[in-house]
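Here is the file structure38.cif (mmCIF, N, CA and C atoms and all ligand atoms).
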```
data_work
#
loop_
_atom_site.group_PDB
_atom_site.id
_atom_site.type_symbol
_atom_site.label_atom_id
_atom_site.label_comp_id
_atom_site.auth_asym_id
_atom_site.auth_seq_id
_atom_site.Cartn_x
_atom_site.Cartn_y
_atom_site.Cartn_z
ATOM 1 N N MET A 1 68.189 54.291 129.809
ATOM 2 C CA MET A 1 68.238 54.363 128.352
ATOM 3 C C MET A 1 66.813 54.385 127.817
ATOM 4 N N GLU A 2 66.573 55.329 126.919
ATOM 5 C CA GLU A 2 65.261 55.418 126.293
ATOM 6 C C GLU A 2 65.448 55.259 124.784
ATOM 7 N N ILE A 3 64.648 54.386 124.181
ATOM 8 C CA ILE A 3 64.790 54.092 122.755
ATOM 9 C C ILE A 3 63.516 54.540 122.047
ATOM 10 N N ARG A 4 63.689 55.252 120.973
ATOM 11 C CA ARG A 4 62.528 55.703 120.191
ATOM 12 C C ARG A 4 62.743 55.367 118.724
ATOM 13 N N ILE A 5 61.640 55.112 118.046
ATOM 14 C CA ILE A 5 61.676 54.896 116.600
ATOM 15 C C ILE A 5 60.751 55.920 115.954
ATOM 16 N N ASP A 6 61.308 56.639 115.009
ATOM 17 C CA ASP A 6 60.514 57.605 114.234
ATOM 18 C C ASP A 6 59.875 56.832 113.078
ATOM 19 N N ARG A 7 58.583 56.591 113.183
ATOM 20 C CA ARG A 7 57.884 55.768 112.184
ATOM 21 C C ARG A 7 57.973 56.385 110.786
ATOM 22 N N ASP A 8 58.049 57.710 110.726
ATOM 23 C CA ASP A 8 58.111 58.370 109.414
ATOM 24 C C ASP A 8 59.442 58.134 108.707
ATOM 25 N N LYS A 9 60.474 57.858 109.471
ATOM 26 C CA LYS A 9 61.791 57.618 108.875
ATOM 27 C C LYS A 9 62.050 56.136 108.598
ATOM 28 N N CYS A 10 61.336 55.263 109.283
ATOM 29 C CA CYS A 10 61.569 53.819 109.154
ATOM 30 C C CYS A 10 61.312 53.355 107.718
ATOM 31 N N VAL A 11 62.263 52.557 107.205
ATOM 32 C CA VAL A 11 62.121 52.037 105.841
ATOM 33 C C VAL A 11 61.710 50.557 105.846
ATOM 34 N N SER A 12 61.390 50.035 107.030
ATOM 35 C CA SER A 12 60.816 48.689 107.181
ATOM 36 C C SER A 12 61.724 47.573 106.710
ATOM 37 N N GLY A 13 63.030 47.779 106.830
ATOM 38 C CA GLY A 13 63.960 46.736 106.404
ATOM 39 C C GLY A 13 64.163 45.630 107.423
ATOM 40 N N GLY A 14 63.887 45.915 108.675
ATOM 41 C CA GLY A 14 63.983 44.883 109.698
ATOM 42 C C GLY A 14 65.370 44.670 110.281
ATOM 43 N N VAL A 15 66.277 45.584 110.027
ATOM 44 C CA VAL A 15 67.629 45.430 110.589
ATOM 45 C C VAL A 15 67.564 45.358 112.111
ATOM 46 N N CYS A 16 66.740 46.201 112.704
ATOM 47 C CA CYS A 16 66.660 46.247 114.172
ATOM 48 C C CYS A 16 66.197 44.901 114.744
ATOM 49 N N ALA A 17 65.146 44.357 114.186
ATOM 50 C CA ALA A 17 64.608 43.098 114.694
ATOM 51 C C ALA A 17 65.555 41.932 114.421
ATOM 52 N N MET A 18 66.359 42.052 113.376
ATOM 53 C CA MET A 18 67.291 40.980 113.036
ATOM 54 C C MET A 18 68.488 40.982 113.982
ATOM 55 N N PHE A 19 69.020 42.176 114.292
ATOM 56 C CA PHE A 19 70.237 42.251 115.098
ATOM 57 C C PHE A 19 69.983 42.304 116.600
ATOM 58 N N ALA A 20 68.823 42.744 117.011
ATOM 59 C CA ALA A 20 68.520 42.805 118.452
ATOM 60 C C ALA A 20 67.066 42.419 118.683
ATOM 61 N N PRO A 21 66.736 41.141 118.451
ATOM 62 C CA PRO A 21 65.329 40.721 118.602
ATOM 63 C C PRO A 21 64.835 40.777 120.037
ATOM 64 N N GLN A 22 65.762 40.886 120.997
ATOM 65 C CA GLN A 22 65.331 41.011 122.400
ATOM 66 C C GLN A 22 64.725 42.381 122.656
ATOM 67 N N ILE A 23 65.027 43.321 121.779
ATOM 68 C CA ILE A 23 64.605 44.701 121.993
ATOM 69 C C ILE A 23 63.597 45.152 120.942
ATOM 70 N N PHE A 24 63.844 44.772 119.695
ATOM 71 C CA PHE A 24 63.055 45.322 118.588
ATOM 72 C C PHE A 24 62.216 44.242 117.909
ATOM 73 N N ASP A 25 61.151 44.700 117.285
ATOM 74 C CA ASP A 25 60.299 43.835 116.472
ATOM 75 C C ASP A 25 59.767 44.720 115.338
ATOM 76 N N GLN A 26 58.953 44.155 114.497
ATOM 77 C CA GLN A 26 58.303 44.929 113.442
ATOM 78 C C GLN A 26 56.801 44.728 113.556
ATOM 79 N N ASP A 27 56.055 45.792 113.268
ATOM 80 C CA ASP A 27 54.603 45.650 113.310
ATOM 81 C C ASP A 27 54.114 45.043 111.991
ATOM 82 N N ASP A 28 52.816 44.952 111.831
ATOM 83 C CA ASP A 28 52.256 44.301 110.646
ATOM 84 C C ASP A 28 52.622 45.002 109.344
ATOM 85 N N ASP A 29 52.983 46.294 109.448
ATOM 86 C CA ASP A 29 53.396 47.046 108.255
ATOM 87 C C ASP A 29 54.903 46.987 108.038
ATOM 88 N N GLY A 30 55.598 46.283 108.927
ATOM 89 C CA GLY A 30 57.056 46.182 108.801
ATOM 90 C C GLY A 30 57.808 47.295 109.494
ATOM 91 N N VAL A 31 57.085 48.201 110.111
ATOM 92 C CA VAL A 31 57.733 49.321 110.803
ATOM 93 C C VAL A 31 58.328 48.812 112.112
ATOM 94 N N GLY A 32 59.551 49.249 112.390
ATOM 95 C CA GLY A 32 60.219 48.838 113.618
ATOM 96 C C GLY A 32 59.487 49.331 114.850
ATOM 97 N N VAL A 33 59.452 48.485 115.867
ATOM 98 C CA VAL A 33 58.858 48.861 117.147
ATOM 99 C C VAL A 33 59.806 48.428 118.267
ATOM 100 N N VAL A 34 59.720 49.137 119.349
ATOM 101 C CA VAL A 34 60.540 48.792 120.519
ATOM 102 C C VAL A 34 59.703 47.883 121.403
ATOM 103 N N ASP A 35 60.134 46.642 121.536
ATOM 104 C CA ASP A 35 59.420 45.678 122.370
ATOM 105 C C ASP A 35 59.819 45.799 123.831
ATOM 106 N N ASN A 36 61.084 46.060 124.048
ATOM 107 C CA ASN A 36 61.612 46.113 125.409
ATOM 108 C C ASN A 36 62.096 47.536 125.667
ATOM 109 N N THR A 37 61.292 48.301 126.397
ATOM 110 C CA THR A 37 61.639 49.709 126.616
ATOM 111 C C THR A 37 62.648 49.896 127.731
ATOM 112 N N ALA A 38 62.952 48.837 128.444
ATOM 113 C CA ALA A 38 63.937 48.934 129.527
ATOM 114 C C ALA A 38 64.960 47.815 129.361
ATOM 115 N N PRO A 39 65.797 47.914 128.340
ATOM 116 C CA PRO A 39 66.748 46.838 128.107
ATOM 117 C C PRO A 39 67.786 46.756 129.226
ATOM 118 N N PRO A 40 68.199 45.551 129.551
ATOM 119 C CA PRO A 40 69.242 45.428 130.575
ATOM 120 C C PRO A 40 70.547 46.041 130.077
ATOM 121 N N ALA A 41 71.377 46.392 131.020
ATOM 122 C CA ALA A 41 72.635 47.086 130.699
ATOM 123 C C ALA A 41 73.479 46.291 129.710
ATOM 124 N N GLU A 42 73.423 44.978 129.784
ATOM 125 C CA GLU A 42 74.275 44.174 128.894
ATOM 126 C C GLU A 42 73.838 44.262 127.425
ATOM 127 N N LEU A 43 72.637 44.780 127.174
ATOM 128 C CA LEU A 43 72.183 44.932 125.788
ATOM 129 C C LEU A 43 72.325 46.368 125.282
ATOM 130 N N ALA A 44 72.853 47.241 126.115
ATOM 131 C CA ALA A 44 72.971 48.652 125.728
ATOM 132 C C ALA A 44 73.849 48.803 124.490
ATOM 133 N N ALA A 45 74.927 48.055 124.418
ATOM 134 C CA ALA A 45 75.826 48.171 123.262
ATOM 135 C C ALA A 45 75.110 47.710 121.995
ATOM 136 N N ALA A 46 74.299 46.657 122.101
ATOM 137 C CA ALA A 46 73.556 46.155 120.943
ATOM 138 C C ALA A 46 72.539 47.193 120.472
ATOM 139 N N VAL A 47 71.907 47.861 121.402
ATOM 140 C CA VAL A 47 70.932 48.897 121.042
ATOM 141 C C VAL A 47 71.623 50.023 120.287
ATOM 142 N N ARG A 48 72.762 50.470 120.815
ATOM 143 C CA ARG A 48 73.499 51.559 120.146
ATOM 144 C C ARG A 48 73.955 51.123 118.752
ATOM 145 N N SER A 49 74.385 49.890 118.639
ATOM 146 C CA SER A 49 74.849 49.377 117.355
ATOM 147 C C SER A 49 73.713 49.343 116.334
ATOM 148 N N VAL A 50 72.562 48.889 116.760
ATOM 149 C CA VAL A 50 71.409 48.832 115.860
ATOM 150 C C VAL A 50 70.981 50.239 115.456
ATOM 151 N N ALA A 51 71.008 51.156 116.398
ATOM 152 C CA ALA A 51 70.649 52.546 116.060
ATOM 153 C C ALA A 51 71.605 53.080 114.998
ATOM 154 N N TRP A 52 72.866 52.722 115.116
ATOM 155 C CA TRP A 52 73.859 53.177 114.143
ATOM 156 C C TRP A 52 73.628 52.521 112.778
ATOM 157 N N ARG A 53 73.195 51.258 112.794
ATOM 158 C CA ARG A 53 72.998 50.507 111.545
ATOM 159 C C ARG A 53 71.670 50.810 110.864
ATOM 160 N N CYS A 54 70.732 51.377 111.582
ATOM 161 C CA CYS A 54 69.385 51.592 111.045
ATOM 162 C C CYS A 54 69.462 52.396 109.741
ATOM 163 N N PRO A 55 69.037 51.811 108.629
ATOM 164 C CA PRO A 55 69.176 52.499 107.344
ATOM 165 C C PRO A 55 68.317 53.756 107.221
ATOM 166 N N GLY A 56 67.270 53.852 108.001
ATOM 167 C CA GLY A 56 66.418 55.045 107.934
ATOM 168 C C GLY A 56 66.802 56.105 108.951
ATOM 169 N N HIS A 57 67.829 55.809 109.752
ATOM 170 C CA HIS A 57 68.215 56.712 110.861
ATOM 171 C C HIS A 57 66.975 57.028 111.701
ATOM 172 N N ALA A 58 66.176 56.003 111.907
ATOM 173 C CA ALA A 58 64.899 56.187 112.602
ATOM 174 C C ALA A 58 64.992 55.929 114.100
ATOM 175 N N ILE A 59 66.065 55.283 114.518
ATOM 176 C CA ILE A 59 66.181 54.920 115.930
ATOM 177 C C ILE A 59 67.020 55.957 116.656
ATOM 178 N N SER A 60 66.470 56.456 117.749
ATOM 179 C CA SER A 60 67.250 57.363 118.596
ATOM 180 C C SER A 60 67.355 56.753 119.985
ATOM 181 N N VAL A 61 68.507 56.910 120.557
ATOM 182 C CA VAL A 61 68.791 56.358 121.881
ATOM 183 C C VAL A 61 69.142 57.517 122.796
ATOM 184 N N HIS A 62 68.421 57.607 123.868
ATOM 185 C CA HIS A 62 68.674 58.662 124.848
ATOM 186 C C HIS A 62 69.224 57.995 126.102
ATOM 187 N N GLU A 63 70.456 58.329 126.387
ATOM 188 C CA GLU A 63 71.119 57.710 127.538
ATOM 189 C C GLU A 63 70.618 58.352 128.825
ATOM 190 N N ASP A 64 70.601 57.559 129.881
ATOM 191 C CA ASP A 64 70.258 58.093 131.193
ATOM 192 C C ASP A 64 71.326 59.080 131.613
ATOM 193 N N GLU A 65 70.877 60.094 132.321
ATOM 194 C CA GLU A 65 71.826 61.078 132.846
ATOM 195 C C GLU A 65 72.648 60.427 133.950
ATOM 196 N N PRO A 66 73.939 60.644 133.925
ATOM 197 C CA PRO A 66 74.737 60.101 135.032
ATOM 198 C C PRO A 66 74.422 60.851 136.322
ATOM 199 N N ASP A 67 74.672 60.203 137.433
ATOM 200 C CA ASP A 67 74.466 60.875 138.711
ATOM 201 C C ASP A 67 75.352 62.108 138.774
ATOM 202 N N PRO A 68 74.838 63.195 139.323
ATOM 203 C CA PRO A 68 75.687 64.392 139.431
ATOM 204 C C PRO A 68 76.869 64.109 140.354
ATOM 205 N N PRO A 69 77.981 64.769 140.073
ATOM 206 C CA PRO A 69 79.144 64.522 140.935
ATOM 207 C C PRO A 69 78.866 64.977 142.359
ATOM 208 N N ARG A 70 79.433 64.250 143.277
ATOM 209 C CA ARG A 70 79.267 64.624 144.681
ATOM 210 C C ARG A 70 80.116 65.849 144.969
ATOM 211 N N PRO A 71 79.633 66.719 145.833
ATOM 212 C CA PRO A 71 80.458 67.888 146.170
ATOM 213 C C PRO A 71 81.714 67.453 146.916
ATOM 214 N N VAL A 72 82.769 68.144 146.613
ATOM 215 C CA VAL A 72 84.031 67.860 147.281
ATOM 216 C C VAL A 72 84.205 68.911 148.375
ATOM 217 N N HIS A 73 84.348 68.445 149.562
ATOM 218 C CA HIS A 73 84.552 69.371 150.675
ATOM 219 C C HIS A 73 86.046 69.584 150.851
ATOM 220 N N GLN A 74 86.442 70.800 150.596
ATOM 221 C CA GLN A 74 87.852 71.123 150.774
ATOM 222 C C GLN A 74 88.025 71.790 152.130
ATOM 223 N N ASP A 75 89.169 71.567 152.658
ATOM 224 C CA ASP A 75 89.450 72.227 153.929
ATOM 225 C C ASP A 75 89.514 73.730 153.708
ATOM 226 N N GLN A 76 88.752 74.428 154.464
ATOM 227 C CA GLN A 76 88.758 75.885 154.385
ATOM 228 C C GLN A 76 89.711 76.418 155.456
ATOM 229 N N PRO A 77 90.406 77.509 155.123
ATOM 230 C CA PRO A 77 91.259 78.068 156.176
ATOM 231 C C PRO A 77 90.390 78.615 157.302
ATOM 232 N N ASP A 78 90.907 78.559 158.459
ATOM 233 C CA ASP A 78 90.183 79.104 159.600
ATOM 234 C C ASP A 78 89.957 80.593 159.391
ATOM 235 N N PRO A 79 88.806 81.095 159.816
ATOM 236 C CA PRO A 79 88.581 82.545 159.699
ATOM 237 C C PRO A 79 89.566 83.278 160.615
ATOM 238 N N PRO A 80 89.884 84.517 160.245
ATOM 239 C CA PRO A 80 90.827 85.251 161.098
ATOM 240 C C PRO A 80 90.239 85.481 162.490
ATOM 241 N N ARG A 81 91.085 85.451 163.462
ATOM 242 C CA ARG A 81 90.629 85.688 164.836
ATOM 243 C C ARG A 81 90.404 87.177 165.039
ATOM 244 N N PRO A 82 89.461 87.501 165.880
ATOM 245 C CA PRO A 82 89.248 88.930 166.159
ATOM 246 C C PRO A 82 90.546 89.561 166.645
ATOM 247 N N GLY A 83 90.796 90.734 166.120
ATOM 248 C CA GLY A 83 91.990 91.452 166.522
ATOM 249 C C GLY A 83 93.194 91.179 165.658
ATOM 250 N N THR A 84 93.057 90.264 164.654
ATOM 251 C CA THR A 84 94.166 89.980 163.762
ATOM 252 C C THR A 84 94.321 91.144 162.791
ATOM 253 N N PRO A 85 95.491 91.723 162.645
ATOM 254 C CA PRO A 85 95.663 92.836 161.708
ATOM 255 C C PRO A 85 95.320 92.413 160.287
ATOM 256 N N ALA A 86 94.732 93.327 159.513
ATOM 257 C CA ALA A 86 94.338 93.035 158.129
ATOM 258 C C ALA A 86 95.520 92.561 157.307
ATOM 259 N N SER A 87 96.716 93.053 157.584
ATOM 260 C CA SER A 87 97.902 92.653 156.817
ATOM 261 C C SER A 87 98.249 91.184 157.047
ATOM 262 N N ALA A 88 97.747 90.601 158.105
ATOM 263 C CA ALA A 88 98.061 89.192 158.402
ATOM 264 C C ALA A 88 96.972 88.261 157.873
ATOM 265 N N ARG A 89 95.877 88.847 157.369
ATOM 266 C CA ARG A 89 94.771 88.022 156.857
ATOM 267 C C ARG A 89 95.031 87.625 155.415
ATOM 268 N N ARG A 90 94.496 86.511 155.042
ATOM 269 C CA ARG A 90 94.611 86.079 153.649
ATOM 270 C C ARG A 90 93.450 86.544 152.838
HETATM 271 S S1 LIG B 101 66.260 49.124 111.346
HETATM 272 FE FE1 LIG B 101 65.414 51.193 111.297
HETATM 273 S S2 LIG B 101 64.503 51.374 109.269
HETATM 274 FE FE2 LIG B 101 64.818 49.185 109.625
HETATM 275 S S3 LIG B 101 62.873 48.437 110.498
HETATM 276 FE FE3 LIG B 101 64.196 48.986 112.206
HETATM 277 S S4 LIG B 101 63.644 51.110 112.678
HETATM 278 FE FE4 LIG B 101 62.864 50.673 110.634
#
```

Mind turning the file's structure into structure tokens?
Ligand code: SF4
Amino acid sequence: MEIRIDRDKCVSGGVCAMFAPQIFDQDDDGVGVVDNTAPPAELAAAVRSVAWRCPGHAISVHEDEPDPPRPVHQDQPDPPRPGTPASARR
């Protein structure tokens, strides 16, 4: 999970720091900052909630890509034996 704050959109209300102080803080100008760039999985829901609540729509959350699916090996039919008539092949 990657969390970003667009400083130009931040309205300095402090919602992020109030609802998820383990992750967010405010700088001296009141602009939201991400204190913890690698939040544990148990705080992921809180991060998403704060991003949704952010009055400036300044917080964006980029989820990690899931692992690609593993290939499924299907049984392949045996190749036709030499000399098999074409009409008998699939
Ligand atoms: S909740 Fe959004 S607008 Fe408010 S301080 Fe945090 S980043 Fe800025």

- request: Mind checking which residues fall within 12 Å of Glu65 of chain A, counting only C-alpha atoms, ignoring those fewer than 4 positions away in the same chain, and posting them as a ChimeraX atom specification?
  value: /A:1-2,69

message: Just want the 6 Å neighbourhood of segment 44-57 of chain A, counted on only N, CA and C atoms, with same-chain residues fewer than 4 positions away dropped. Output as a VMD selection string.
response: chain A and resid 9 to 11 16 39 to 40

message: Considering only alpha helix (DSSP H) as DSSP defines it on the backbone, what residues of segment 38-89 of chain A qualify? List them as a ChimeraX atom specification.
response: /A:44-53

field: Interatomic distance, atom CA of Asp29 of chain A to atom N of Ser12 of chain A (Å, one decimal)
entry: 8.6 Å

Edge lengths and centre in Å to one decimal, as AutoDock Vina command-line options, of the axis-aligned box that encloses all listed atoms of segment 17-27 of chain A with 3 Å added on every side?
```
--center_x 62.2 --center_y 43.3 --center_z 117.3 --size_x 22.1 --size_y 11.1 --size_z 16.7
```

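For the atom pair formed by atom C of Gln26 of chain A and atom CA of Ile59 of chain A, the distance is 14.1 Å, given to one decimal.
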